[in-house]
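Colleague: I am attaching a structure below and will ask some questions about it afterwards.
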Amino acid sequence: MHFLVIEDSQLDHEMLMATLALQGVPAHGLRVESALELGEALERQAWDLVICDHHLPGFSGIEAYAMVKALADPPPFIIVSGTIGEETAVEAMRRGVDDYLIKGRLARLGMAVRNAMAASTARREKARAEEQLRESQEQLHELSARLQTLIDEERAAIAREIHDEVGGTLTAMRFDLELLGKQASPALQERLQRALAALAQAAGATQRISRDLHPPILEAGLVAALEWQAGQFQERSGIAMQFRSNVNAVELDRQVAMAVYRTCQEALTNIGKHSGASKVSIDLHYGDDLISMEICDNGRGLAPSDLRKQGSLGLRGLAERARAVNGHIDITSARGRTTLMLWVPLTEQAQPLETEPA
């Protein structure tokens with residue numbers, strides 16, 4: 001092993017290396033005694049360990065440690081000094097020094113070196129594991145964002161197919177049934193009317209599914225789309241709905257607008273299915289560099305475990321969708337009130353089209 005010894009006494013340096021050899025830690029030690037020599041040694045090669053006196057010509061052990069600590073991968077650092085007070089030693093350990101010993105009391109020098117090197121190895125492995133975890137999380141987030149994009153594209157394609165193929169077929173069938181109705185006998189009229197009613201229901205369901213898959217209302221702008229969604233929710237569920245916005249319209253990046261719209265859609269779906277709420281409010285706020293949406297209901301609330309169970313995957317998906325546009329979702333809940341908050345930072349391209357007077 002290669003140790004760097006910061007020591008102004010050649011005799012003390014030789015004593016340190018001999019003690020290490022006797023204690024089963026054979027190593028080659030290079031002695032330096034100034035900040036300049038230390039800097040040159042650190043640039044020259046990587047060191048397995050640094051042993052440093054505290055009082056040195058022109059600088060201290062703490063300053064030497066700062067130079068070593070600044071390395072991309074600093075080696076373990078031990079202070080061995082004849083004159084280091086307890087307060088200084090505590091400060092050194094607080095800064096990250098691995099250990100300190102008193103000259104003349106080197107019985108545990110070998111153990112201190114082994115412990116410091118083991119701790120350094122553990123730190124490196126932990127840092128490497130954390131970096132690998134960070135990279136894995138970034139890859140998962142990128143994959144999630146890509147999957148969400150593909151899902152949106154597939155939804156749009158399916159919506160077009162439903163609108164063009166199924167919708168067109170249902171329209172043709174309606175024309176045929178209406179023509180038959182003009183020619184049918186009175187005995188068949190009632191059955192034809194029932195068929196036309198069922199066909200109208202199918203056509204309505206087709207339009208609703210197509211809108212849910214790919215909301216064309218977003219072409220009218222986010223504010224109009226959310227207001228329409230709130231109205232549709234109130235009509236279907238019977239739950240009192242209030243929608244407020246500090247702008248009448250705003251131009252947003254398509255991905256940001258879709259993230260806000262889908263968040264509202266998923267939140268309203270969950271409220272309608274599970275909350276038992278009688279009132280819901282949606283507040284959209286546009287700022288210079290942020291758009292936020294708050295959705296509140298007066299339902300039974302969510303337990304922390306509800307957000308972790310399998311049925312909460314929709315909420316996790318919304319969190320990933322928000323992350324894809326650098327946004328954030330937060331859900332707070334207590335009996336009688338649940339609030340979902342979405343924040344999305346805006347680019348320079350997002351501009352209000354018309355702001356309501358204060």
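Ligands are numbered from 1 in the order shown, chains are lettered A, B, ... in the order of the structure tokens, and residues start at 1 in each chain.
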Using only C-alpha atoms, which protein or nucleic acid residues come within 10 Å of range 169-171 of chain A? Drop anything in the same chain fewer than 6 positions from it, and give the result as a PyMOL selection string.

Modeller: chain A and resi 162-163+177+199-200+202-203+206

Colleague: Please produce an output containing C-alpha atoms for each residue in the selection, written as a compact mmCIF listing (two decimals), in the first residue's frame.

Modeller:
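Output file out_34.txt is given in full below:
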# COMPACT_ATOMS: atom_id res chain seq x y z
CA ILE A 162 -63.38 4.66 -32.96
CA HIS A 163 -64.52 7.99 -34.35
CA LEU A 177 -82.97 2.12 -39.66
CA LEU A 199 -78.11 2.89 -31.40
CA ALA A 200 -78.18 6.44 -30.05
CA ALA A 202 -74.07 3.28 -28.47
CA ALA A 203 -73.18 6.38 -30.48
CA THR A 206 -68.59 5.83 -28.56

Colleague: Which residues, written as JSON, numbers by chain, have at least one atom at most 12 Å from Glu14 in chain A, with only C-alpha atoms counted and residues fewer than 5 positions away on the same chain left out?

Modeller: {"A": [5, 7, 8, 9, 19, 20, 21, 27, 28, 29, 30, 31]}

Colleague: Keeping only C-alpha atoms, write the selected residues to a file as an mmCIF file, in the first residue's frame.

Modeller:
data_model
loop_
_atom_site.group_PDB
_atom_site.id
_atom_site.type_symbol
_atom_site.label_atom_id
_atom_site.label_comp_id
_atom_site.auth_asym_id
_atom_site.auth_seq_id
_atom_site.Cartn_x
_atom_site.Cartn_y
_atom_site.Cartn_z
ATOM 1 C CA VAL A 5 2.752 11.026 5.404
ATOM 2 C CA GLU A 7 5.268 15.159 8.689
ATOM 3 C CA ASP A 8 8.083 17.676 9.230
ATOM 4 C CA SER A 9 10.227 15.177 11.206
ATOM 5 C CA THR A 19 5.206 0.831 13.923
ATOM 6 C CA LEU A 20 2.859 0.030 11.067
ATOM 7 C CA ALA A 21 5.159 -2.765 9.861
ATOM 8 C CA ALA A 27 3.303 0.049 3.368
ATOM 9 C CA HIS A 28 5.454 2.390 1.376
ATOM 10 C CA GLY A 29 5.313 5.892 2.813
ATOM 11 C CA LEU A 30 6.203 9.162 1.109
ATOM 12 C CA ARG A 31 6.918 12.076 3.441
#

Colleague: At a cut-off of 10 Å, using only C-alpha atoms, what residues contact Gln23 in chain A? Leave out same-chain residues fewer than 2 positions from it and give the result as a PDB file with N, CA and C atoms, in the first residue's frame.

Modeller:
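The file below, part-v5.pdb, is the result:
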ATOM      1  N   MET A  17       6.258   4.430  10.167  1.00  0.00           N
ATOM      2  CA  MET A  17       6.295   3.336   9.206  1.00  0.00           C
ATOM      3  C   MET A  17       6.752   2.046   9.884  1.00  0.00           C
ATOM      4  N   ALA A  18       7.712   2.157  10.826  1.00  0.00           N
ATOM      5  CA  ALA A  18       8.177   0.963  11.534  1.00  0.00           C
ATOM      6  C   ALA A  18       7.066   0.403  12.419  1.00  0.00           C
ATOM      7  N   THR A  19       6.316   1.280  13.076  1.00  0.00           N
ATOM      8  CA  THR A  19       5.206   0.831  13.923  1.00  0.00           C
ATOM      9  C   THR A  19       4.154   0.115  13.095  1.00  0.00           C
ATOM     10  N   LEU A  20       3.849   0.667  11.938  1.00  0.00           N
ATOM     11  CA  LEU A  20       2.859   0.030  11.067  1.00  0.00           C
ATOM     12  C   LEU A  20       3.329  -1.357  10.629  1.00  0.00           C
ATOM     13  N   ALA A  21       4.628  -1.466  10.288  1.00  0.00           N
ATOM     14  CA  ALA A  21       5.159  -2.765   9.861  1.00  0.00           C
ATOM     15  C   ALA A  21       5.069  -3.784  10.990  1.00  0.00           C
ATOM     16  N   VAL A  25       0.918  -3.908   9.116  1.00  0.00           N
ATOM     17  CA  VAL A  25       0.430  -3.056   8.025  1.00  0.00           C
ATOM     18  C   VAL A  25       1.641  -2.581   7.227  1.00  0.00           C
ATOM     19  N   PRO A  26       2.237  -3.446   6.405  1.00  0.00           N
ATOM     20  CA  PRO A  26       3.389  -3.015   5.607  1.00  0.00           C
ATOM     21  C   PRO A  26       2.951  -2.051   4.520  1.00  0.00           C
ATOM     22  N   LEU A 106       1.030   4.906  20.103  1.00  0.00           N
ATOM     23  CA  LEU A 106       0.693   4.379  18.778  1.00  0.00           C
ATOM     24  C   LEU A 106       0.316   2.900  18.817  1.00  0.00           C
ATOM     25  N   ALA A 107      -0.086   2.408  19.995  1.00  0.00           N
ATOM     26  CA  ALA A 107      -0.410   0.986  20.095  1.00  0.00           C
ATOM     27  C   ALA A 107      -1.592   0.607  19.202  1.00  0.00           C
ATOM     28  N   ARG A 108      -2.469   1.555  18.974  1.00  0.00           N
ATOM     29  CA  ARG A 108      -3.625   1.219  18.133  1.00  0.00           C
ATOM     30  C   ARG A 108      -3.517   1.826  16.732  1.00  0.00           C
ATOM     31  N   LEU A 109      -2.283   2.187  16.301  1.00  0.00           N
ATOM     32  CA  LEU A 109      -2.113   2.789  14.982  1.00  0.00           C
ATOM     33  C   LEU A 109      -2.541   1.832  13.872  1.00  0.00           C
ATOM     34  N   GLY A 110      -2.107   0.582  13.960  1.00  0.00           N
ATOM     35  CA  GLY A 110      -2.463  -0.381  12.919  1.00  0.00           C
ATOM     36  C   GLY A 110      -3.965  -0.587  12.845  1.00  0.00           C
ATOM     37  N   MET A 111      -4.621  -0.698  14.012  1.00  0.00           N
ATOM     38  CA  MET A 111      -6.067  -0.876  14.029  1.00  0.00           C
ATOM     39  C   MET A 111      -6.763   0.359  13.454  1.00  0.00           C
TER      40      MET A 111
END

Colleague: Excluding range 279-286 of chain A and residues on its chain fewer than 2 positions from it, collect all residues at most 7 Å away from it, counting only C-alpha atoms, and give them as a VMD selection string.

Modeller: chain A and resid 239 to 247 277 288 290 to 298

Colleague: Find the residues near range 323-331 of chain A: any atom within 8 Å, counting only C-alpha atoms, skip ones fewer than 6 places away on the same chain, and give them as a list in words.

Modeller: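 Everything that qualifies: His141, Glu142, Ala145, Gln255, Val256, Ala259, Thr338, Thr339, Leu340, Met341, Leu342, Trp343, Val344 and Pro345 of chain A.
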
Colleague: Suppose we keep N, CA and C atoms; can you now write the selection as a short mmCIF file (atom, residue, chain, number, x, y, z; two decimals), in the first residue's frame?

Modeller:
data_model
loop_
_atom_site.label_atom_id
_atom_site.label_comp_id
_atom_site.auth_asym_id
_atom_site.auth_seq_id
_atom_site.Cartn_x
_atom_site.Cartn_y
_atom_site.Cartn_z
N HIS A 141 -37.52 6.82 -14.76
CA HIS A 141 -38.33 8.00 -15.04
C HIS A 141 -38.39 8.27 -16.55
N GLU A 142 -37.25 8.11 -17.22
CA GLU A 142 -37.23 8.30 -18.67
C GLU A 142 -38.12 7.27 -19.36
N ALA A 145 -41.75 8.17 -18.72
CA ALA A 145 -42.18 9.28 -19.57
C ALA A 145 -42.38 8.82 -21.01
N GLN A 255 -47.72 18.87 -23.93
CA GLN A 255 -47.46 17.87 -22.90
C GLN A 255 -47.87 18.38 -21.52
N VAL A 256 -47.61 19.67 -21.25
CA VAL A 256 -48.00 20.25 -19.96
C VAL A 256 -49.52 20.28 -19.84
N ALA A 259 -50.82 16.87 -19.15
CA ALA A 259 -50.54 16.45 -17.77
C ALA A 259 -51.56 17.04 -16.81
N THR A 338 -60.00 16.22 1.31
CA THR A 338 -58.84 15.69 0.60
C THR A 338 -58.45 16.71 -0.47
N THR A 339 -57.16 17.00 -0.54
CA THR A 339 -56.67 18.01 -1.49
C THR A 339 -55.54 17.43 -2.33
N LEU A 340 -55.66 17.54 -3.62
CA LEU A 340 -54.60 17.19 -4.55
C LEU A 340 -54.05 18.48 -5.15
N MET A 341 -52.74 18.66 -5.04
CA MET A 341 -52.09 19.85 -5.60
C MET A 341 -51.12 19.43 -6.69
N LEU A 342 -51.19 20.12 -7.80
CA LEU A 342 -50.26 19.90 -8.91
C LEU A 342 -49.57 21.22 -9.21
N TRP A 343 -48.23 21.18 -9.27
CA TRP A 343 -47.45 22.35 -9.68
C TRP A 343 -46.63 21.97 -10.90
N VAL A 344 -46.65 22.81 -11.91
CA VAL A 344 -45.83 22.59 -13.10
C VAL A 344 -45.13 23.89 -13.45
N PRO A 345 -43.79 23.90 -13.49
CA PRO A 345 -43.08 25.11 -13.92
C PRO A 345 -43.33 25.36 -15.41
#

Colleague: Can you work out which one of A:Gly96, A:Gly82, A:Gly272, A:Pro186 has the shortest atom-to-atom distance to Ile62 in chain A, counting only C-alpha atoms?

Modeller: A:Gly96

Colleague: So, with only C-alpha atoms as the atoms that count, which of A:Ser120, A:Glu266, A:His54, A:Ala70 lies closest to Thr88 in chain A?

Modeller: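 Ranking A:Ser120, A:Glu266, A:His54, A:Ala70 by distance to Thr88 in chain A, first place goes to A:His54.
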
Colleague: Tell me, in Å to one decimal, how far CA of Val223 in chain A is from CA of Ala249 in chain A.

Modeller: 5.5 Å

Colleague: Excluding Met67 in chain A and its own-chain neighbours fewer than 3 positions away, which residues fall within 9 Å of it when counting only C-alpha atoms? Please give them as a PyMOL selection string.

Modeller: chain A and resi 35+38-39+42+62-64+70-71

Colleague: Those selected residues, please, written with N, CA and C atoms and delivered as an mmCIF file, in the first residue's frame.

Modeller:
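Output contents, as saved in part_38.cif:
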data_model
loop_
_atom_site.group_PDB
_atom_site.id
_atom_site.type_symbol
_atom_site.label_atom_id
_atom_site.label_comp_id
_atom_site.auth_asym_id
_atom_site.auth_seq_id
_atom_site.Cartn_x
_atom_site.Cartn_y
_atom_site.Cartn_z
ATOM 1 N N ALA A 35 2.552 22.579 2.169
ATOM 2 C CA ALA A 35 1.346 22.558 1.341
ATOM 3 C C ALA A 35 1.690 22.353 -0.128
ATOM 4 N N LEU A 38 2.537 18.739 -0.635
ATOM 5 C CA LEU A 38 1.309 17.958 -0.536
ATOM 6 C C LEU A 38 0.511 18.041 -1.839
ATOM 7 N N GLY A 39 0.352 19.244 -2.366
ATOM 8 C CA GLY A 39 -0.385 19.405 -3.612
ATOM 9 C C GLY A 39 0.246 18.620 -4.750
ATOM 10 N N LEU A 42 -0.406 14.853 -4.263
ATOM 11 C CA LEU A 42 -1.797 14.484 -4.562
ATOM 12 C C LEU A 42 -2.058 14.456 -6.062
ATOM 13 N N ILE A 62 -5.668 20.460 9.750
ATOM 14 C CA ILE A 62 -7.023 20.738 9.245
ATOM 15 C C ILE A 62 -6.948 21.279 7.827
ATOM 16 N N GLU A 63 -5.986 22.154 7.551
ATOM 17 C CA GLU A 63 -5.826 22.686 6.192
ATOM 18 C C GLU A 63 -5.387 21.588 5.230
ATOM 19 N N ALA A 64 -4.506 20.707 5.717
ATOM 20 C CA ALA A 64 -4.082 19.586 4.880
ATOM 21 C C ALA A 64 -5.266 18.684 4.559
ATOM 22 N N ALA A 70 -10.772 17.710 -0.926
ATOM 23 C CA ALA A 70 -11.215 18.300 -2.187
ATOM 24 C C ALA A 70 -11.033 17.358 -3.375
ATOM 25 N N LEU A 71 -10.322 16.247 -3.191
ATOM 26 C CA LEU A 71 -10.131 15.294 -4.281
ATOM 27 C C LEU A 71 -11.450 14.635 -4.661
#

Colleague: Could you check how far CA of Glu190 in chain A sits from CA of Glu165 in chain A, in Å to one decimal?

Modeller: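 For CA of Glu190 in chain A relative to CA of Glu165 in chain A, the distance reads 28.1 Å.
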
Colleague: Which residue out of A:Leu346, A:Leu36, A:Leu226, A:Leu11 has the minimum interatomic distance to Val260 in chain A when only C-alpha atoms are used?

Modeller: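 Looking at the shortest contact to Val260 in chain A, the residue is A:Leu226.
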
Colleague: Separation of CA of Arg300 in chain A and CA of Ala257 in chain A, in Å?

Modeller: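 Distance reported for this atom pair: 29.4 Å.
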
Colleague: Please run DSSP on the backbone and report, as a CSV table (one decimal) with C-alpha atoms, in the first residue's frame, all residues within range 202-339 of chain A that come out as alpha helix (DSSP H).

Modeller:
chain,number,residue,atom,x,y,z
A,202,ALA,CA,-74.1,3.3,-28.5
A,203,ALA,CA,-73.2,6.4,-30.5
A,204,GLY,CA,-73.1,8.5,-27.3
A,205,ALA,CA,-70.9,5.9,-25.5
A,206,THR,CA,-68.6,5.8,-28.6
A,207,GLN,CA,-68.2,9.6,-28.5
A,208,ARG,CA,-67.6,9.6,-24.7
A,209,ILE,CA,-64.9,6.8,-25.0
A,210,SER,CA,-63.3,8.6,-27.8
A,211,ARG,CA,-63.2,11.9,-25.8
A,212,ASP,CA,-61.7,10.1,-22.8
A,213,LEU,CA,-59.0,8.5,-24.9
A,222,LEU,CA,-56.8,24.1,-21.1
A,223,VAL,CA,-59.1,26.4,-19.1
A,224,ALA,CA,-62.0,25.5,-21.4
A,225,ALA,CA,-61.2,21.8,-21.3
A,226,LEU,CA,-61.1,21.7,-17.5
A,227,GLU,CA,-64.3,23.7,-17.2
A,228,TRP,CA,-66.0,21.3,-19.6
A,229,GLN,CA,-64.6,18.3,-17.7
A,230,ALA,CA,-66.0,19.8,-14.4
A,231,GLY,CA,-69.4,20.2,-16.0
A,232,GLN,CA,-69.4,16.7,-17.3
A,233,PHE,CA,-68.4,15.3,-13.9
A,234,GLN,CA,-71.2,17.2,-12.2
A,235,GLU,CA,-73.7,16.0,-14.8
A,236,ARG,CA,-72.7,12.3,-14.5
A,237,SER,CA,-72.1,12.1,-10.7
A,254,ARG,CA,-49.2,20.2,-25.4
A,255,GLN,CA,-47.5,17.9,-22.9
A,256,VAL,CA,-48.0,20.3,-20.0
A,257,ALA,CA,-51.6,20.8,-20.9
A,258,MET,CA,-52.2,17.0,-21.2
A,259,ALA,CA,-50.5,16.4,-17.8
A,260,VAL,CA,-52.9,19.0,-16.1
A,261,TYR,CA,-55.9,17.6,-17.9
A,262,ARG,CA,-55.2,14.0,-17.1
A,263,THR,CA,-54.5,14.8,-13.5
A,264,CYS,CA,-57.9,16.4,-13.2
A,265,GLN,CA,-59.5,13.5,-15.0
A,266,GLU,CA,-57.9,10.9,-12.7
A,267,ALA,CA,-58.7,12.9,-9.6
A,268,LEU,CA,-62.4,13.3,-10.5
A,269,THR,CA,-62.6,9.6,-11.4
A,270,ASN,CA,-61.3,8.6,-8.0
A,313,LEU,CA,-51.3,3.0,-9.4
A,314,GLY,CA,-53.4,5.7,-11.2
A,315,LEU,CA,-52.1,8.3,-8.7
A,316,ARG,CA,-48.5,7.0,-9.1
A,317,GLY,CA,-48.9,7.3,-12.9
A,318,LEU,CA,-50.0,10.9,-12.4
A,319,ALA,CA,-46.9,11.5,-10.3
A,320,GLU,CA,-44.8,10.2,-13.1
A,321,ARG,CA,-46.7,12.2,-15.7
A,322,ALA,CA,-46.1,15.3,-13.6
A,323,ARG,CA,-42.4,14.5,-13.2
A,324,ALA,CA,-42.1,14.2,-17.0

Colleague: I want to know what sits within 6 Å of Gly299 in chain A, based on only C-alpha atoms, with residues of the same chain fewer than 3 positions away left out; could you give that as a PyMOL selection string?

Modeller: chain A and resi 275-277+336

Colleague: Under the rule that only C-alpha atoms are counted, which of A:Leu196, A:Ala112, A:Ser185, A:Ile158 is the nearest residue to Met173 in chain A?

Modeller: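 Ranking A:Leu196, A:Ala112, A:Ser185, A:Ile158 by distance to Met173 in chain A, first place goes to A:Leu196.
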